[in-house]
>>> print(open('model03.txt').read())   # compact mmCIF, C-alpha atoms
# COMPACT_ATOMS: atom_id res chain seq x y z
CA MET A 1 90.00 117.38 98.77
CA VAL A 2 90.40 114.42 101.09
CA VAL A 3 91.27 115.31 104.68
CA ASP A 4 91.66 112.86 107.54
CA ASP A 5 93.98 112.32 110.46
CA HIS A 6 94.54 108.67 109.45
CA PRO A 7 97.00 108.59 106.50
CA MET A 8 96.15 105.03 105.40
CA TRP A 9 92.42 105.77 105.27
CA ARG A 10 93.00 109.12 103.52
CA GLU A 11 95.20 107.49 100.86
CA ALA A 12 92.71 104.64 100.29
CA VAL A 13 89.84 107.08 99.73
CA ALA A 14 91.95 109.17 97.37
CA ARG A 15 92.85 106.00 95.39
CA ASP A 16 89.16 104.93 95.15
CA LEU A 17 88.13 108.36 93.91
CA ALA A 18 90.99 108.54 91.42
CA ALA A 19 90.18 105.01 90.17
CA ALA A 20 86.63 106.20 89.51
CA GLY A 21 88.01 109.05 87.40
CA MET A 22 87.43 111.77 89.98
CA GLN A 23 90.04 114.45 90.58
CA VAL A 24 91.32 114.70 94.14
CA VAL A 25 92.75 118.04 95.19
CA ALA A 26 94.66 118.21 98.47
CA THR A 27 95.06 121.93 99.13
CA ALA A 28 94.46 123.25 102.64
CA GLY A 29 93.34 126.71 101.52
CA ILE A 30 90.86 125.55 98.88
CA VAL A 31 87.76 126.45 100.90
CA ALA A 32 89.00 129.97 101.52
CA GLU A 33 90.02 130.38 97.89
CA TYR A 34 86.82 128.90 96.41
CA PRO A 35 83.76 129.82 98.52
CA ASP A 36 81.40 127.84 96.26
CA VAL A 37 83.28 124.59 96.90
CA ARG A 38 81.10 121.69 98.04
CA VAL A 39 82.28 119.75 101.08
CA LEU A 40 81.44 116.13 101.83
CA VAL A 41 82.57 115.09 105.31
CA LEU A 42 83.47 111.45 105.99
CA SER A 43 83.79 110.70 109.66
CA ALA A 44 83.85 107.83 112.11
CA SER A 45 81.46 109.90 114.22
CA GLY A 46 77.72 109.96 113.74
CA GLU A 47 77.28 112.09 116.86
CA GLN A 48 74.75 114.89 116.54
CA ALA A 49 77.20 117.60 117.64
CA ASP A 50 79.77 116.55 115.00
CA VAL A 51 77.21 116.35 112.19
CA LEU A 52 75.63 119.69 113.07
CA GLU A 53 79.01 121.38 113.42
CA ALA A 54 79.95 120.18 109.91
CA ALA A 55 76.65 121.46 108.47
CA LYS A 56 77.04 124.82 110.23
CA ALA A 57 80.57 125.09 108.85
CA GLY A 58 79.16 124.74 105.34
CA ALA A 59 79.47 121.04 104.60
CA THR A 60 77.14 119.96 101.82
CA GLY A 61 77.08 116.39 103.07
CA TYR A 62 78.19 114.01 105.79
CA LEU A 63 78.86 110.27 105.56
CA VAL A 64 80.04 107.93 108.26
CA LYS A 65 83.09 105.84 107.39
CA SER A 66 81.07 102.65 107.49
CA ALA A 67 79.60 103.67 104.10
CA SER A 68 80.46 101.36 101.23
CA ARG A 69 82.78 102.32 98.39
CA GLN A 70 79.77 102.71 96.07
CA GLU A 71 77.92 104.87 98.61
CA LEU A 72 80.99 107.10 98.82
CA LEU A 73 81.33 107.43 95.06
CA ASP A 74 77.60 108.14 94.72
CA ALA A 75 77.79 110.74 97.52
CA VAL A 76 80.74 112.48 95.86
CA GLU A 77 78.86 112.70 92.55
CA ARG A 78 75.66 113.90 94.20
CA THR A 79 77.56 116.46 96.26
CA ALA A 80 79.25 117.71 93.08
CA ASP A 81 75.75 118.08 91.58
CA GLY A 82 74.80 120.32 94.51
CA GLU A 83 72.76 117.85 96.53
CA ALA A 84 72.91 117.72 100.31
CA VAL A 85 74.00 114.14 101.03
CA PHE A 86 73.82 112.62 104.50
CA THR A 87 74.10 109.08 105.79
CA PRO A 88 70.51 107.84 106.28
CA GLY A 89 69.32 108.86 109.72
CA LEU A 90 71.66 111.84 109.87
CA ALA A 91 69.55 113.83 107.38
CA GLY A 92 66.60 113.70 109.76
CA MET A 93 68.83 114.91 112.57
CA VAL A 94 70.03 117.92 110.54
CA LEU A 95 66.52 118.78 109.35
CA GLY A 96 65.23 118.46 112.91
CA GLU A 97 67.85 120.92 114.13
CA PHE A 98 67.02 123.40 111.36
CA ARG A 99 63.33 123.01 112.23
CA ARG A 100 64.13 123.71 115.90
CA LEU A 101 66.18 126.78 114.96
CA ALA A 102 63.38 128.05 112.74
CA GLU A 103 60.86 127.65 115.57
CA ASP A 104 63.19 129.41 118.03
CA ALA A 105 63.60 132.32 115.62
CA GLY A 106 59.83 132.87 115.47
CA PRO A 107 57.95 134.54 112.64
CA SER A 108 59.76 136.98 110.37
CA PRO A 109 58.79 140.66 110.56
CA VAL A 110 56.44 141.78 107.78
CA GLY A 111 56.59 145.58 107.82
CA GLY A 112 59.06 147.11 105.40
CA VAL A 113 60.35 143.80 104.07
CA ALA A 114 60.51 143.28 100.32
CA GLU A 115 58.08 140.74 98.92
CA PRO A 116 59.66 137.28 98.70
CA PRO A 117 60.40 135.94 95.22
CA ARG A 118 57.50 134.17 93.56
CA LEU A 119 58.04 130.48 92.95
CA THR A 120 56.13 128.46 90.39
CA GLU A 121 53.85 125.67 91.59
CA ARG A 122 56.43 123.10 90.46
CA GLU A 123 59.27 124.91 92.23
CA THR A 124 57.23 125.07 95.43
CA GLY A 125 56.44 121.35 95.14
CA ILE A 126 60.11 120.50 94.74
CA LEU A 127 61.00 122.83 97.63
CA ARG A 128 58.50 120.95 99.85
CA LEU A 129 60.20 117.65 99.01
CA VAL A 130 63.66 119.11 99.64
CA ALA A 131 62.39 120.21 103.07
CA LYS A 132 61.39 116.61 103.77
CA GLY A 133 64.95 115.48 103.03
CA LEU A 134 64.42 113.82 99.63
CA SER A 135 67.31 113.72 97.17
CA SER A 136 66.94 115.00 93.61
CA ARG A 137 66.68 111.41 92.35
CA GLN A 138 63.94 110.62 94.88
CA ILE A 139 62.06 113.79 93.93
CA ALA A 140 62.33 112.95 90.23
CA LYS A 141 60.94 109.48 90.84
CA ARG A 142 58.12 110.75 93.06
CA LEU A 143 57.07 113.48 90.59
CA ASP A 144 57.69 111.30 87.52
CA ILE A 145 60.03 113.87 85.97
CA SER A 146 63.68 113.66 84.98
CA TYR A 147 66.51 114.07 87.45
CA ARG A 148 67.87 116.93 85.31
CA THR A 149 64.49 118.73 85.48
CA VAL A 150 64.59 118.53 89.28
CA GLN A 151 68.13 119.91 89.26
CA ASN A 152 67.09 122.78 86.96
CA HIS A 153 64.14 123.71 89.18
CA THR A 154 66.34 123.46 92.27
CA GLN A 155 68.94 125.78 90.72
CA ASN A 156 66.18 128.23 89.73
CA VAL A 157 64.84 128.27 93.29
CA LEU A 158 68.36 128.72 94.72
CA GLY A 159 68.83 131.70 92.41
CA LYS A 160 65.45 133.27 93.18
CA LEU A 161 66.00 132.92 96.92
CA GLN A 162 69.69 133.91 96.71
CA LEU A 163 70.77 130.74 98.49
CA HIS A 164 73.91 128.71 97.81
CA ASN A 165 73.13 125.03 98.41
CA ARG A 166 70.47 122.47 99.30
CA VAL A 167 71.20 122.73 103.02
CA GLU A 168 70.32 126.44 102.95
CA LEU A 169 67.34 125.61 100.74
CA ALA A 170 66.06 122.99 103.20
CA ARG A 171 66.47 125.44 106.07
CA TYR A 172 64.52 128.12 104.18
CA ALA A 173 61.75 125.64 103.32
CA ILE A 174 61.45 124.54 106.95
CA GLU A 175 61.39 128.16 108.14
CA GLN A 176 58.51 128.73 105.71
CA GLY A 177 56.67 125.66 107.02
CA LEU A 178 56.94 123.83 103.71
CA ASP A 179 57.94 120.58 105.39
CA HIS A 180 54.36 120.12 106.58
CA PRO A 181 51.38 119.41 104.30
>>> encode(input="model03.txt", output="structure tokens")
Amino acid sequence: MVVDDHPMWREAVARDLAAAGMQVVATAGIVAEYPDVRVLVLSASGEQADVLEAAKAGATGYLVKSASRQELLDAVERTADGEAVFTPGLAGMVLGEFRRLAEDAGPSPVGGVAEPPRLTERETGILRLVAKGLSSRQIAKRLDISYRTVQNHTQNVLGKLQLHNRVELARYAIEQGLDHP
């Protein structure tokens, strides 16, 4: 779905996506109808409040409109693959806010709480890199494993932790202190 208050810009983005073979759906109620939909926000604003509001509303990613056509197409594909995609610099802002929220929340109570799911060493390693804001491709390169293997581990961790996307996964990892060595 492409949504913008500037018709010319909205139509140009829809044409670029369609030319790249991507389906563009323009239905206002799609988010309500499909809760697992992934949202990539494109905005002229890189203001912290706007970016954080989009993330809190469930956006999987956020790009500023100065992104190139190729950056947009790449972001759409990565978002479709379940990655959290942010314009460089904005990812650090979002992670910083989640880190601040985790610190404000304090430690979780221990008594009476079910034991957290056990992650493998590889899953924990990937979770640490997600917490640092690395994309699946960056993680694959760093660990010298395939991109698909990273995606599989990420999906396994999401399932074990009963989370829905990489933004929630990053928040969980930061709350657990996995963003620090």
>>> atom_distance(input="model03.txt", atom1="CA of Gly159 in chain A", atom2="CA of Ala131 in chain A")
16.9 Å
>>> residues_around(input="model03.txt", residues="Arg122 in chain A", least_positions_apart="4", cutoff="9 Å", atoms="all atoms listed in the file", output="ChimeraX atom specification")
/A:126-127,153
>>> atom_distance(input="model03.txt", atom1="CA of Ala80 in chain A", atom2="CA of Arg128 in chain A")
22.1 Å
>>> atom_distance(input="model03.txt", atom1="CA of Leu163 in chain A", atom2="CA of Arg78 in chain A")
18.1 Å
>>> closest_residue(input="model03.txt", among="A:Arg100, A:His6, A:Ser45, A:Asp81", to="Arg148 in chain A", atoms="all atoms listed in the file")
A:Asp81
>>> residues_around(input="model03.txt", residues="range 62-74 of chain A", least_positions_apart="5", cutoff="7 Å", atoms="all atoms listed in the file", output="VMD selection string")
chain A and resid 17 40 to 46 51 85 to 87
>>> residues_around(input="model03.txt", residues="Glu123 in chain A", least_positions_apart="4", cutoff="12 Å", atoms="all atoms listed in the file", output="list in words")
Pro117, Arg118, Leu119, Leu127, Arg128, Leu129, Val130, Ile139, Leu143, Thr149, Val150, Gln151, Asn152, His153, Thr154, Gln155, Asn156, Val157, Leu158, Gly159, Lys160, Leu161, Leu169, Ala173 and Leu178 of chain A
>>> closest_residue(input="model03.txt", among="A:Ala84, A:Met93, A:Ala55, A:Val37", to="Leu134 in chain A", atoms="all atoms listed in the file")
A:Ala84
>>> residues_around(input="model03.txt", residues="Arg38 in chain A", least_positions_apart="5", cutoff="8 Å", atoms="only C-alpha atoms", output="PDB file with C-alpha atoms, keeping the file's coordinate frame")
ATOM      1  CA  ALA A  59      79.470 121.040 104.600  1.00  0.00           C
ATOM      2  CA  THR A  60      77.140 119.960 101.820  1.00  0.00           C
ATOM      3  CA  THR A  79      77.560 116.460  96.260  1.00  0.00           C
ATOM      4  CA  ALA A  80      79.250 117.710  93.080  1.00  0.00           C
ATOM      5  CA  GLY A  82      74.800 120.320  94.510  1.00  0.00           C
TER       6      GLY A  82
END
